[in-house]
$ cat structure_15.cif   # mmCIF, C-alpha atoms
data_protein
#
loop_
_atom_site.label_atom_id
_atom_site.label_comp_id
_atom_site.auth_asym_id
_atom_site.auth_seq_id
_atom_site.Cartn_x
_atom_site.Cartn_y
_atom_site.Cartn_z
CA MET A 1 -44.01 10.00 27.34
CA ARG A 2 -41.21 7.72 28.61
CA GLN A 3 -41.17 5.86 25.29
CA PHE A 4 -40.76 9.18 23.48
CA LYS A 5 -37.77 10.11 25.69
CA ILE A 6 -36.10 6.74 25.07
CA ALA A 7 -36.63 7.03 21.33
CA SER A 8 -35.29 10.58 21.33
CA SER A 9 -32.19 9.52 23.26
CA LEU A 10 -31.61 6.68 20.84
CA LEU A 11 -31.83 9.08 17.89
CA VAL A 12 -29.28 11.37 19.53
CA VAL A 13 -26.87 8.48 20.07
CA LEU A 14 -27.32 7.29 16.49
CA PHE A 15 -26.78 10.80 15.15
CA MET A 16 -23.63 11.25 17.23
CA THR A 17 -22.29 7.88 16.06
CA ALA A 18 -22.99 8.70 12.43
CA THR A 19 -21.22 12.05 12.65
CA ILE A 20 -17.98 11.08 14.39
CA ALA A 21 -15.43 13.74 13.55
CA ALA A 22 -12.45 12.63 11.53
CA THR A 23 -9.06 12.67 13.21
CA THR A 24 -5.87 13.41 11.32
CA LEU A 25 -2.47 12.31 12.62
CA GLU A 26 0.46 14.41 11.42
CA LYS A 27 4.20 13.80 11.33
CA GLN A 28 6.69 16.47 10.18
CA VAL A 29 10.21 15.76 8.93
CA GLY A 30 12.15 18.74 7.67
CA ASP A 31 10.04 20.63 5.15
CA PHE A 32 7.58 17.77 4.60
CA LEU A 33 4.41 16.87 6.44
CA LEU A 34 2.68 13.47 6.42
CA GLN A 35 -1.05 13.43 7.22
CA VAL A 36 -3.15 10.31 7.83
CA SER A 37 -6.94 10.42 8.30
CA ASP A 38 -8.98 7.81 10.18
CA ASP A 39 -12.17 8.67 8.32
CA GLY A 40 -11.29 8.28 4.66
CA GLY A 41 -8.52 5.80 5.48
CA ALA A 42 -6.45 8.17 3.39
CA PHE A 43 -3.20 10.09 3.51
CA ASN A 44 -1.52 13.20 2.16
CA ILE A 45 2.01 14.52 1.90
CA LYS A 46 2.71 18.22 1.60
CA TYR A 47 5.59 20.63 1.31
CA ASN A 48 5.17 22.54 4.55
CA PRO A 49 8.34 24.43 5.56
CA PRO A 50 8.10 25.51 9.22
CA SER A 51 9.65 28.89 8.43
CA SER A 52 7.06 29.77 5.80
CA SER A 53 3.28 30.06 5.56
CA ASN A 54 3.33 28.60 2.04
CA ALA A 55 2.31 24.93 1.86
CA THR A 56 1.72 22.71 -1.16
CA ASN A 57 -0.40 19.56 -1.09
CA PHE A 58 0.94 16.67 -3.15
CA PHE A 59 -2.49 15.01 -3.28
CA VAL A 60 -5.99 16.45 -3.50
CA SER A 61 -6.90 17.46 0.05
CA HIS A 62 -10.71 17.68 -0.14
CA ASP A 63 -12.68 15.66 2.44
CA ASP A 64 -9.61 14.51 4.37
CA PHE A 65 -7.77 13.46 1.18
CA ALA A 66 -10.51 10.87 0.54
CA SER A 67 -9.72 10.49 -3.16
CA THR A 68 -6.32 8.98 -2.29
CA TYR A 69 -6.93 5.57 -0.73
CA PHE A 70 -6.43 1.80 -0.78
CA SER A 71 -8.94 -0.97 -1.44
CA VAL A 72 -8.74 -4.72 -0.97
CA MET A 73 -10.54 -7.45 -2.82
CA LEU A 74 -11.22 -10.19 -0.28
CA ASP A 75 -12.18 -13.29 -2.24
CA ASP A 76 -14.58 -11.59 -4.68
CA VAL A 77 -15.79 -8.71 -2.49
CA ILE A 78 -14.25 -5.23 -2.75
CA TYR A 79 -13.72 -3.17 0.40
CA ARG A 80 -12.57 0.43 0.22
CA LEU A 81 -10.40 0.92 3.29
CA ARG A 82 -12.31 3.72 4.95
CA ARG A 83 -14.51 4.04 8.03
CA SER A 84 -17.80 3.44 6.22
CA SER A 85 -16.65 0.14 4.69
CA VAL A 86 -14.80 -1.63 7.50
CA SER A 87 -15.68 -2.90 10.96
CA THR A 88 -12.94 -1.11 12.88
CA ILE A 89 -10.41 1.63 12.12
CA ARG A 90 -7.90 3.41 14.31
CA LEU A 91 -4.83 5.56 13.88
CA LEU A 92 -1.35 4.25 14.66
CA GLU A 93 1.37 6.62 15.77
CA GLU A 94 4.75 5.36 14.59
CA GLU A 95 8.22 6.54 15.64
CA HIS A 96 9.01 7.80 12.14
CA GLY A 97 5.53 8.19 10.70
CA ALA A 98 1.90 7.25 11.11
CA GLY A 99 -0.52 4.52 10.08
CA LEU A 100 -3.93 2.92 10.29
CA ARG A 101 -5.20 -0.42 11.52
CA LEU A 102 -8.42 -1.59 9.92
CA GLY A 103 -10.53 -4.69 10.50
CA ILE A 104 -12.90 -6.31 8.03
CA LYS A 105 -15.36 -8.28 10.18
CA ASP A 106 -13.67 -11.44 11.43
CA LYS A 107 -11.86 -12.04 8.15
CA LEU A 108 -8.97 -9.66 7.59
CA ASN A 109 -6.86 -7.11 9.44
CA VAL A 110 -5.02 -4.48 7.43
CA ASN A 111 -2.16 -2.36 8.76
CA MET A 112 -1.20 0.66 6.65
CA ILE A 113 2.16 2.08 7.80
CA PHE A 114 3.75 5.24 6.37
CA SER A 115 7.31 5.80 7.59
CA PHE A 116 9.80 8.51 6.69
CA ALA A 117 13.01 6.92 5.36
CA PRO A 118 15.91 7.88 7.66
CA GLN A 119 18.26 8.43 4.71
CA PHE A 120 16.72 11.87 4.16
CA SER A 121 16.35 14.73 6.62
CA GLY A 122 13.53 16.26 4.61
CA ASP A 123 15.63 19.28 3.54
CA GLY A 124 14.63 19.48 -0.10
CA GLN A 125 14.20 15.72 -0.52
CA GLY A 126 12.34 13.00 1.32
CA ALA A 127 10.91 9.50 1.11
CA VAL A 128 8.08 7.61 2.78
CA LYS A 129 8.03 3.83 2.94
CA VAL A 130 4.51 2.47 2.49
CA GLU A 131 3.79 -0.98 3.95
CA ILE A 132 0.37 -2.58 3.65
CA VAL A 133 0.16 -5.73 5.79
CA MET A 134 -2.90 -7.93 5.27
CA GLU A 135 -3.51 -10.63 7.89
CA ASN A 136 -5.99 -13.47 7.46
CA ILE A 137 -7.72 -13.76 10.85
CA SER A 138 -10.37 -16.23 9.67
CA ALA A 139 -10.32 -20.02 9.78
CA GLU A 140 -10.44 -20.25 5.98
CA THR A 141 -7.89 -19.69 3.21
CA ARG A 142 -8.50 -16.30 1.59
CA LYS A 143 -7.59 -14.70 -1.71
CA VAL A 144 -6.60 -11.08 -1.15
CA ALA A 145 -5.59 -8.36 -3.61
CA LEU A 146 -4.61 -4.72 -3.06
CA LYS A 147 -5.35 -1.60 -5.09
CA GLY A 148 -4.12 1.94 -4.51
CA VAL A 149 -5.54 5.14 -6.00
CA PHE A 150 -3.54 8.36 -5.65
CA ASP A 151 -5.22 11.61 -6.69
CA THR A 152 -2.24 13.73 -7.69
CA LEU A 153 -2.47 17.38 -8.69
CA LEU A 154 1.03 18.86 -9.09
CA GLY A 155 1.34 18.06 -12.79
CA GLU A 156 -2.14 19.07 -13.86
CA ASN A 157 -1.32 22.75 -14.33
CA SER A 158 1.98 22.07 -16.07
CA GLY A 159 0.54 20.30 -19.12
CA VAL A 160 2.88 17.38 -18.42
CA HIS A 161 0.85 15.34 -15.98
CA PHE A 162 3.37 12.57 -15.36
CA VAL A 163 6.94 11.54 -16.08
CA THR A 164 8.32 7.99 -15.88
CA ALA A 165 11.78 6.49 -16.26
CA ARG A 166 10.85 5.48 -19.81
CA PHE A 167 8.61 8.31 -21.00
CA PRO A 168 9.63 12.00 -20.68
CA TYR A 169 5.97 13.00 -20.34
CA VAL A 170 2.57 11.33 -20.11
CA SER A 171 -0.30 13.68 -20.81
CA THR A 172 -2.95 11.15 -21.85
CA GLU A 173 -4.42 7.95 -20.43
CA SER A 174 -1.85 5.13 -20.22
CA SER A 175 -1.27 1.75 -18.59
CA PHE A 176 1.92 -0.18 -17.84
CA LEU A 177 2.57 -3.85 -17.09
CA ASP A 178 6.39 -3.85 -16.97
CA MET A 179 7.48 -2.12 -13.78
CA ALA A 180 11.18 -2.77 -14.43
CA ASP A 181 10.81 -0.58 -17.50
CA LEU A 182 8.52 1.98 -15.85
CA GLN A 183 10.44 2.14 -12.51
CA TRP A 184 8.69 5.23 -11.20
CA VAL A 185 5.90 7.74 -11.86
CA ARG A 186 6.43 11.42 -11.04
CA SER A 187 4.03 14.36 -10.81
CA SER A 188 5.56 17.84 -10.61
CA ASN A 189 4.64 21.50 -10.80
CA GLY A 190 8.23 22.52 -11.49
CA ASN A 191 9.04 23.35 -7.88
CA GLU A 192 7.56 20.46 -5.87
CA SER A 193 7.47 16.85 -7.03
CA VAL A 194 6.03 13.57 -5.78
CA GLN A 195 7.18 10.23 -7.15
CA PHE A 196 6.01 6.63 -6.76
CA LEU A 197 8.75 3.99 -6.77
CA PHE A 198 7.21 0.83 -8.24
CA ASP A 199 10.40 -1.18 -8.85
CA GLY A 200 13.55 -1.63 -6.82
CA ASN A 201 15.11 -3.47 -3.92
CA GLY A 202 12.47 -4.40 -1.34
CA ILE A 203 9.65 -3.04 -3.49
CA THR A 204 6.62 -5.16 -4.38
CA SER A 205 6.12 -4.34 -8.05
CA PRO A 206 2.48 -3.91 -9.07
CA ARG A 207 1.08 -6.07 -11.83
CA MET A 208 -0.40 -2.94 -13.41
CA VAL A 209 -0.07 0.83 -13.11
CA ALA A 210 -2.70 3.02 -14.76
CA LEU A 211 -2.66 6.78 -15.32
CA ALA A 212 -6.14 8.09 -16.06
CA ASN A 213 -8.91 10.45 -15.03
CA LYS A 214 -9.63 10.17 -11.31
CA ASP A 215 -13.31 9.32 -11.87
CA LEU A 216 -12.37 6.34 -14.02
CA LEU A 217 -9.89 4.99 -11.47
CA THR A 218 -12.26 5.37 -8.50
CA GLY A 219 -15.12 3.53 -10.22
CA ASP A 220 -16.65 0.23 -9.13
CA ILE A 221 -14.56 -1.89 -11.53
CA TRP A 222 -11.52 -3.43 -9.85
CA THR A 223 -9.27 -3.33 -12.91
CA PRO A 224 -9.88 -0.07 -14.79
CA VAL A 225 -10.45 -0.29 -18.52
CA ILE A 226 -7.75 1.93 -19.99
CA LYS A 227 -7.73 3.42 -23.47
CA ASP A 228 -4.24 4.61 -24.32
CA GLY A 229 -4.22 8.17 -25.65
CA ARG A 230 -7.57 9.22 -24.18
CA THR A 231 -7.58 12.58 -22.40
CA PHE A 232 -7.73 13.00 -18.63
CA ASN A 233 -11.21 14.50 -18.89
CA SER A 234 -14.51 13.00 -17.77
CA VAL A 235 -18.16 14.06 -17.61
CA PHE A 236 -17.58 15.34 -14.07
CA SER A 237 -14.06 16.75 -14.18
CA TYR A 238 -11.59 18.33 -16.58
CA ASN A 239 -7.87 17.62 -16.70
CA ASN A 240 -8.10 15.54 -13.50
CA SER A 241 -5.45 12.82 -13.52
CA ALA A 242 -4.57 10.19 -10.94
CA VAL A 243 -2.40 7.10 -10.45
CA CYS A 244 -3.74 3.60 -9.86
CA ALA A 245 -1.63 0.58 -8.88
CA LEU A 246 -2.87 -3.00 -8.66
CA TRP A 247 -0.86 -5.80 -7.10
CA GLU A 248 -1.12 -9.53 -7.77
CA PRO A 249 -3.55 -11.42 -5.51
CA MET A 250 -2.16 -13.42 -2.59
CA ILE A 251 -3.44 -16.66 -1.16
CA LEU A 252 -3.39 -16.35 2.62
CA THR A 253 -3.94 -19.40 4.77
CA PRO A 254 -5.31 -18.88 8.31
CA SER A 255 -3.06 -16.79 10.60
CA THR A 256 -0.70 -15.77 7.80
CA SER A 257 -0.12 -12.33 6.34
CA GLY A 258 1.02 -10.74 3.13
CA THR A 259 2.88 -7.45 2.76
CA ILE A 260 2.96 -4.95 -0.09
CA THR A 261 5.84 -2.45 0.06
CA PHE A 262 6.63 0.54 -2.10
CA TYR A 263 8.01 4.06 -1.64
CA ILE A 264 6.77 7.57 -2.27
CA THR A 265 9.60 10.07 -2.68
CA PHE A 266 9.33 13.82 -3.01
CA ALA A 267 11.29 17.02 -3.43
CA SER A 268 10.97 20.78 -3.22
CA ARG A 269 12.76 23.83 -4.62
CA ALA A 270 13.03 22.24 -8.09
CA LYS A 271 15.08 19.30 -6.82
CA ILE A 272 14.58 15.77 -8.18
CA PRO A 273 12.94 13.16 -5.88
CA PRO A 274 15.14 10.19 -4.91
CA THR A 275 14.92 7.10 -7.12
CA ALA A 276 15.21 3.50 -5.92
CA GLN A 277 19.00 3.72 -6.01
CA PHE A 278 18.97 4.75 -2.35
CA LEU A 279 17.55 1.28 -1.53
CA GLY A 280 20.67 -0.50 -2.80
CA ALA A 281 21.05 -3.25 -5.36
CA LYS A 282 17.90 -5.10 -6.29
CA GLY A 283 17.58 -8.73 -5.24
CA SER A 284 19.01 -8.81 -1.72
CA LEU A 285 17.00 -11.08 0.56
CA VAL A 286 16.67 -8.73 3.52
CA SER A 287 17.29 -5.14 4.46
CA GLY A 288 17.97 -3.41 7.77
CA ASP A 289 16.41 -4.95 10.85
CA ASP A 290 13.63 -6.75 9.00
CA TYR A 291 15.39 -10.11 8.80
CA ASP A 292 12.88 -11.79 11.12
CA LYS A 293 10.09 -10.65 8.83
CA ILE A 294 11.63 -12.28 5.74
CA THR A 295 9.70 -11.97 2.51
CA TYR A 296 9.72 -14.22 -0.52
CA SER A 297 9.05 -12.60 -3.89
CA ASP A 298 8.26 -14.62 -6.99
CA ALA A 299 8.98 -13.61 -10.60
CA SER A 300 5.74 -11.63 -10.76
CA GLY A 301 6.63 -9.56 -7.71
CA VAL A 302 4.12 -11.27 -5.41
CA VAL A 303 5.43 -11.10 -1.86
CA TYR A 304 4.61 -13.62 0.86
CA THR A 305 5.50 -12.90 4.46
CA VAL A 306 5.57 -15.19 7.44
CA GLY A 307 5.63 -12.56 10.15
CA ASP A 308 7.82 -12.55 13.22
CA LEU A 309 9.64 -15.79 13.84
CA THR A 310 9.27 -17.55 17.19
CA ASP A 311 11.76 -19.78 18.99
CA THR A 312 9.52 -22.76 18.23
CA MET A 313 10.01 -22.19 14.51
CA LEU A 314 13.79 -22.46 14.94
CA ASN A 315 13.44 -25.96 16.38
CA ARG A 316 15.01 -28.77 14.33
CA ARG A 317 11.83 -30.87 14.44
CA TYR A 318 9.77 -27.93 13.17
CA ILE A 319 12.19 -27.39 10.26
CA GLU A 320 12.13 -31.11 9.34
CA ASP A 321 8.33 -31.05 9.31
CA LEU A 322 8.41 -27.97 7.09
CA LEU A 323 10.77 -29.70 4.65
CA ASN A 324 8.49 -32.75 4.52
CA ARG A 325 5.48 -30.59 3.70
CA ILE A 326 7.40 -28.92 0.88
CA ARG A 327 8.59 -32.30 -0.43
CA LYS A 328 5.05 -33.72 -0.51
CA LEU A 329 3.79 -30.76 -2.50
CA GLU A 330 6.61 -31.11 -5.03
CA GLU A 331 5.91 -34.83 -5.47
CA ASP A 332 2.52 -34.09 -7.05
CA PRO A 333 3.27 -31.54 -9.81
CA GLU A 334 -0.10 -32.03 -11.53
CA HIS A 335 -2.07 -30.91 -8.48
CA ILE A 336 0.48 -28.68 -6.82
CA ASP A 337 -0.78 -25.68 -4.85
CA ARG A 338 1.75 -23.12 -6.08
CA ASN A 339 0.77 -20.46 -3.57
CA GLU A 340 1.08 -22.84 -0.63
CA LEU A 341 4.48 -23.97 -1.89
CA LEU A 342 5.67 -20.37 -2.12
CA ARG A 343 4.39 -19.63 1.37
CA LEU A 344 6.20 -22.63 2.85
CA ASN A 345 9.42 -21.73 1.02
CA ALA A 346 9.10 -18.19 2.36
CA GLU A 347 8.86 -19.54 5.88
CA LEU A 348 11.87 -21.80 5.32
CA ASP A 349 13.94 -18.93 3.87
CA ALA A 350 13.06 -16.79 6.86
CA ILE A 351 14.07 -19.44 9.36
CA LEU A 352 17.38 -20.22 7.65
CA GLU A 353 18.26 -16.55 7.36
CA LYS A 354 17.60 -15.92 11.05
CA ILE A 355 19.64 -18.99 12.05
CA ARG A 356 22.54 -17.66 9.97
CA ARG A 357 22.38 -14.37 11.86
CA LEU A 358 22.23 -15.87 15.36
#
$ encode --input "structure_15.cif" --output "C-alpha cells"
Amino acid sequence: MRQFKIASSLLVVLFMTATIAATTLEKQVGDFLLQVSDDGGAFNIKYNPPSSSNATNFFVSHDDFASTYFSVMLDDVIYRLRRSSVSTIRLLEEEHGAGLRLGIKDKLNVNMIFSFAPQFSGDGQGAVKVEIVMENISAETRKVALKGVFDTLLGENSGVHFVTARFPYVSTESSFLDMADLQWVRSSNGNESVQFLFDGNGITSPRMVALANKDLLTGDIWTPVIKDGRTFNSVFSYNNSAVCALWEPMILTPSTSGTITFYITFASRAKIPPTAQFLGAKGSLVSGDDYDKITYSDASGVVYTVGDLTDTMLNRRYIEDLLNRIRKLEEDPEHIDRNELLRLNAELDAILEKIRRL
C-alpha cells in the first residue's frame, strides 16, 4: 500500500510539472502592447488603445503566440527557443519592455530582449528594439546561428500580404539576399501595420529573408526551400503567410557572446510605421549608452560582441597582448582563423572607443 501511495504522489508531481501554466509578461506604451510568453518563448505586439475595447494582434495569437519564435542552431543541432526544447527559461522584466532568458544545457545562454524605443510615445507609431544575445558558456568553441519566424496576419485579408522598400506588394512566395535593397518588410490591414527593419544603423542584417506559407517556414529544415511565385497556401492552411529571417553563423569562443539586433516598428490609424531613418546615419560605431558593449560588423552583417568591458581590459599590458595575438594571426594568411581575428578586432575597437570616452 505504501508503494502505491509513493507511486501515486510521483505521478501527481510529474503531471503538475508537465502542465505548468504559461506566464505572459505585458508592457504597454501608448496604444501598443508588448506580450512575451515563457512557454512558447514567443512574443506578440498588438494595437490596444486603453480608451477602447478594440484590440488588433499583429501576430497570430493562438497558443501564446507560439508560431512566432526564434531558433538557434548550435553546432549542427537545432533548438527551438521554447520551454520544451531548452533546459531553463524565465521571463525578464525590463524598464522599457520585457524579455526571456533561456539556457541550453551547459552550452549556451540566450537573452531575448524586447524594448520600446524611447523616440516614440506609442501614439499612432511605435518601435521595439529586438536584441538576441547568445553567450557560449561551455569550454569549447561553438558555431551558433539564429533564425526568426514571425507569423503575421494583418496583410492576409488585404490581398497584399507584404510590402518592402523595393516591391510595392508581395503576394506570393519570395526570398531576398540583399537587405540594403529590401530594407524592411511590412504587413498591413490598411489601419494597423507592423514592419521589420532588416537594414540600418545598428541593425544586424540577415543573410536571408523569406516570405512564405507559415507551415513551410516552421518546418524541420533550417534554411527553407523557397520557390518564387508560389502561393501562400499549403496542405494544412490557406493564404497563411509569414516572415522568416536567418542570420549568418557566429563562431563563439568560450565566455564570449554574439548579439543580433533589429527593430520591429508599427503604426495605427492608417499611419506609416517608422523606417530606419530614426536610427540615424548607417555606419556609426556606437549608439547611445552602448559604447561599452561595442560591436564589430563585417561586410556580411555578422556582428561580434565582447560584452561589458572591465578595468583589466583597459590595462596597457592587456592591450599589447591583444595586439600581439592579432599580429600573429595576420602573419599566417593561409591558415588564418577569420572569425577569431574579427572577434579580437571587435574587442580592440571596444577598448579604444571606451578609452576615447573616458
$ closest_atom_pairs --input "structure_15.cif" --of "segment 73-137 of chain A" --to "segment 250-265 of chain A" --cutoff "7 Å" --atoms "only C-alpha atoms" --output "Markdown table"
| residue | atom | partner | partner_atom | distance |
| --- | --- | --- | --- | --- |
| A:Gly126 | CA | A:Thr265 | CA | 5.7 |
| A:Ala127 | CA | A:Thr265 | CA | 4.1 |
| A:Val128 | CA | A:Ile264 | CA | 5.2 |
| A:Lys129 | CA | A:Tyr263 | CA | 4.6 |
| A:Val130 | CA | A:Phe262 | CA | 5.4 |
| A:Glu131 | CA | A:Thr261 | CA | 4.6 |
| A:Ile132 | CA | A:Ile260 | CA | 5.1 |
| A:Val133 | CA | A:Thr259 | CA | 4.4 |
| A:Met134 | CA | A:Gly258 | CA | 5.3 |
| A:Glu135 | CA | A:Ser257 | CA | 4.1 |
| A:Asn136 | CA | A:Ser255 | CA | 5.4 |
| A:Ile137 | CA | A:Ser255 | CA | 5.6 |
$ resolve_selection --input "structure_15.cif" --expression "the PyMOL selection byres ((chain A and resi 118-124) around 10)" --output "PDB file with C-alpha atoms, in the coordinates of the input"
ATOM      1  CA  GLN A  28       6.690  16.470  10.180  1.00  0.00           C
ATOM      2  CA  VAL A  29      10.210  15.760   8.930  1.00  0.00           C
ATOM      3  CA  GLY A  30      12.150  18.740   7.670  1.00  0.00           C
ATOM      4  CA  ASP A  31      10.040  20.630   5.150  1.00  0.00           C
ATOM      5  CA  PHE A  32       7.580  17.770   4.600  1.00  0.00           C
ATOM      6  CA  LEU A  33       4.410  16.870   6.440  1.00  0.00           C
ATOM      7  CA  TYR A  47       5.590  20.630   1.310  1.00  0.00           C
ATOM      8  CA  PRO A  49       8.340  24.430   5.560  1.00  0.00           C
ATOM      9  CA  HIS A  96       9.010   7.800  12.140  1.00  0.00           C
ATOM     10  CA  SER A 115       7.310   5.800   7.590  1.00  0.00           C
ATOM     11  CA  PHE A 116       9.800   8.510   6.690  1.00  0.00           C
ATOM     12  CA  ALA A 117      13.010   6.920   5.360  1.00  0.00           C
ATOM     13  CA  GLN A 125      14.200  15.720  -0.520  1.00  0.00           C
ATOM     14  CA  GLY A 126      12.340  13.000   1.320  1.00  0.00           C
ATOM     15  CA  ALA A 127      10.910   9.500   1.110  1.00  0.00           C
ATOM     16  CA  VAL A 128       8.080   7.610   2.780  1.00  0.00           C
ATOM     17  CA  GLU A 192       7.560  20.460  -5.870  1.00  0.00           C
ATOM     18  CA  PHE A 266       9.330  13.820  -3.010  1.00  0.00           C
ATOM     19  CA  ALA A 267      11.290  17.020  -3.430  1.00  0.00           C
ATOM     20  CA  SER A 268      10.970  20.780  -3.220  1.00  0.00           C
ATOM     21  CA  ARG A 269      12.760  23.830  -4.620  1.00  0.00           C
ATOM     22  CA  ALA A 270      13.030  22.240  -8.090  1.00  0.00           C
ATOM     23  CA  LYS A 271      15.080  19.300  -6.820  1.00  0.00           C
ATOM     24  CA  ILE A 272      14.580  15.770  -8.180  1.00  0.00           C
ATOM     25  CA  PRO A 273      12.940  13.160  -5.880  1.00  0.00           C
ATOM     26  CA  PRO A 274      15.140  10.190  -4.910  1.00  0.00           C
ATOM     27  CA  PHE A 278      18.970   4.750  -2.350  1.00  0.00           C
ATOM     28  CA  LEU A 279      17.550   1.280  -1.530  1.00  0.00           C
TER      29      LEU A 279
END
$ closest_residue --input "structure_15.cif" --among "A:Glu330, A:Asp215, A:Glu340, A:Asp220" --to "Phe150 of chain A" --atoms "all atoms listed in the file"
A:Asp215
$ resolve_selection --input "structure_15.cif" --expression "the PyMOL selection byres ((chain A and resi 162) around 7)" --output "VMD selection string"
chain A and resid 155 160 to 161 163 to 164 169 to 171 185 to 187
$ write_last_selection --input "structure_15.cif" --atoms "C-alpha atoms" --output "compact mmCIF listing (two decimals), keeping the file's coordinate frame"
# COMPACT_ATOMS: atom_id res chain seq x y z
CA GLY A 155 1.34 18.06 -12.79
CA VAL A 160 2.88 17.38 -18.42
CA HIS A 161 0.85 15.34 -15.98
CA VAL A 163 6.94 11.54 -16.08
CA THR A 164 8.32 7.99 -15.88
CA TYR A 169 5.97 13.00 -20.34
CA VAL A 170 2.57 11.33 -20.11
CA SER A 171 -0.30 13.68 -20.81
CA VAL A 185 5.90 7.74 -11.86
CA ARG A 186 6.43 11.42 -11.04
CA SER A 187 4.03 14.36 -10.81
$ closest_residue --input "structure_15.cif" --among "A:Val243, A:Val225, A:Val60, A:Ile203" --to "Gln277 of chain A" --atoms "all atoms listed in the file"
A:Ile203
$ atom_distance --input "structure_15.cif" --atom1 "atom CA of Ser71 of chain A" --atom2 "atom CA of Asp178 of chain A"
22.0 Å
$ resolve_selection --input "structure_15.cif" --expression "the PyMOL selection byres ((chain A and resi 147) around 9)" --output "PyMOL selection string"
chain A and resi 69-73+145-146+148-149+222-223+244-247
$ build_atoms --input "structure_15.cif" --residues "segment 57-68 of chain A" --atoms "N, CA, C and O atoms" --output "mmCIF file, keeping the file's coordinate frame"
data_model
loop_
_atom_site.group_PDB
_atom_site.id
_atom_site.type_symbol
_atom_site.label_atom_id
_atom_site.label_comp_id
_atom_site.auth_asym_id
_atom_site.auth_seq_id
_atom_site.Cartn_x
_atom_site.Cartn_y
_atom_site.Cartn_z
ATOM 1 N N ASN A 57 0.052 20.944 -1.173
ATOM 2 C CA ASN A 57 -0.400 19.560 -1.090
ATOM 3 C C ASN A 57 0.097 18.772 -2.287
ATOM 4 O O ASN A 57 0.067 19.259 -3.417
ATOM 5 N N PHE A 58 0.527 17.543 -2.051
ATOM 6 C CA PHE A 58 0.940 16.670 -3.150
ATOM 7 C C PHE A 58 -0.233 15.862 -3.689
ATOM 8 O O PHE A 58 -0.175 15.339 -4.800
ATOM 9 N N PHE A 59 -1.283 15.716 -2.863
ATOM 10 C CA PHE A 59 -2.490 15.010 -3.280
ATOM 11 C C PHE A 59 -3.687 15.921 -3.019
ATOM 12 O O PHE A 59 -3.616 16.837 -2.204
ATOM 13 N N VAL A 60 -4.786 15.651 -3.697
ATOM 14 C CA VAL A 60 -5.990 16.450 -3.500
ATOM 15 C C VAL A 60 -6.437 16.323 -2.047
ATOM 16 O O VAL A 60 -6.568 15.214 -1.521
ATOM 17 N N SER A 61 -6.675 17.468 -1.393
ATOM 18 C CA SER A 61 -6.900 17.460 0.050
ATOM 19 C C SER A 61 -8.362 17.527 0.458
ATOM 20 O O SER A 61 -8.660 17.510 1.651
ATOM 21 N N HIS A 62 -9.291 17.584 -0.499
ATOM 22 C CA HIS A 62 -10.710 17.680 -0.140
ATOM 23 C C HIS A 62 -11.160 16.478 0.678
ATOM 24 O O HIS A 62 -10.738 15.338 0.433
ATOM 25 N N ASP A 63 -12.058 16.731 1.645
ATOM 26 C CA ASP A 63 -12.680 15.660 2.440
ATOM 27 C C ASP A 63 -11.638 14.724 3.046
ATOM 28 O O ASP A 63 -11.704 13.496 2.904
ATOM 29 N N ASP A 64 -10.654 15.311 3.723
ATOM 30 C CA ASP A 64 -9.610 14.510 4.370
ATOM 31 C C ASP A 64 -8.901 13.601 3.379
ATOM 32 O O ASP A 64 -8.673 12.411 3.645
ATOM 33 N N PHE A 65 -8.556 14.147 2.210
ATOM 34 C CA PHE A 65 -7.770 13.460 1.180
ATOM 35 C C PHE A 65 -8.446 12.180 0.690
ATOM 36 O O PHE A 65 -7.787 11.225 0.275
ATOM 37 N N ALA A 66 -9.780 12.121 0.747
ATOM 38 C CA ALA A 66 -10.510 10.870 0.540
ATOM 39 C C ALA A 66 -10.348 10.266 -0.844
ATOM 40 O O ALA A 66 -10.648 9.092 -1.046
ATOM 41 N N SER A 67 -9.880 11.046 -1.826
ATOM 42 C CA SER A 67 -9.720 10.490 -3.160
ATOM 43 C C SER A 67 -8.364 9.818 -3.365
ATOM 44 O O SER A 67 -8.045 9.350 -4.462
ATOM 45 N N THR A 68 -7.553 9.771 -2.299
ATOM 46 C CA THR A 68 -6.320 8.980 -2.290
ATOM 47 C C THR A 68 -6.497 7.894 -1.237
ATOM 48 O O THR A 68 -6.617 8.194 -0.051
#
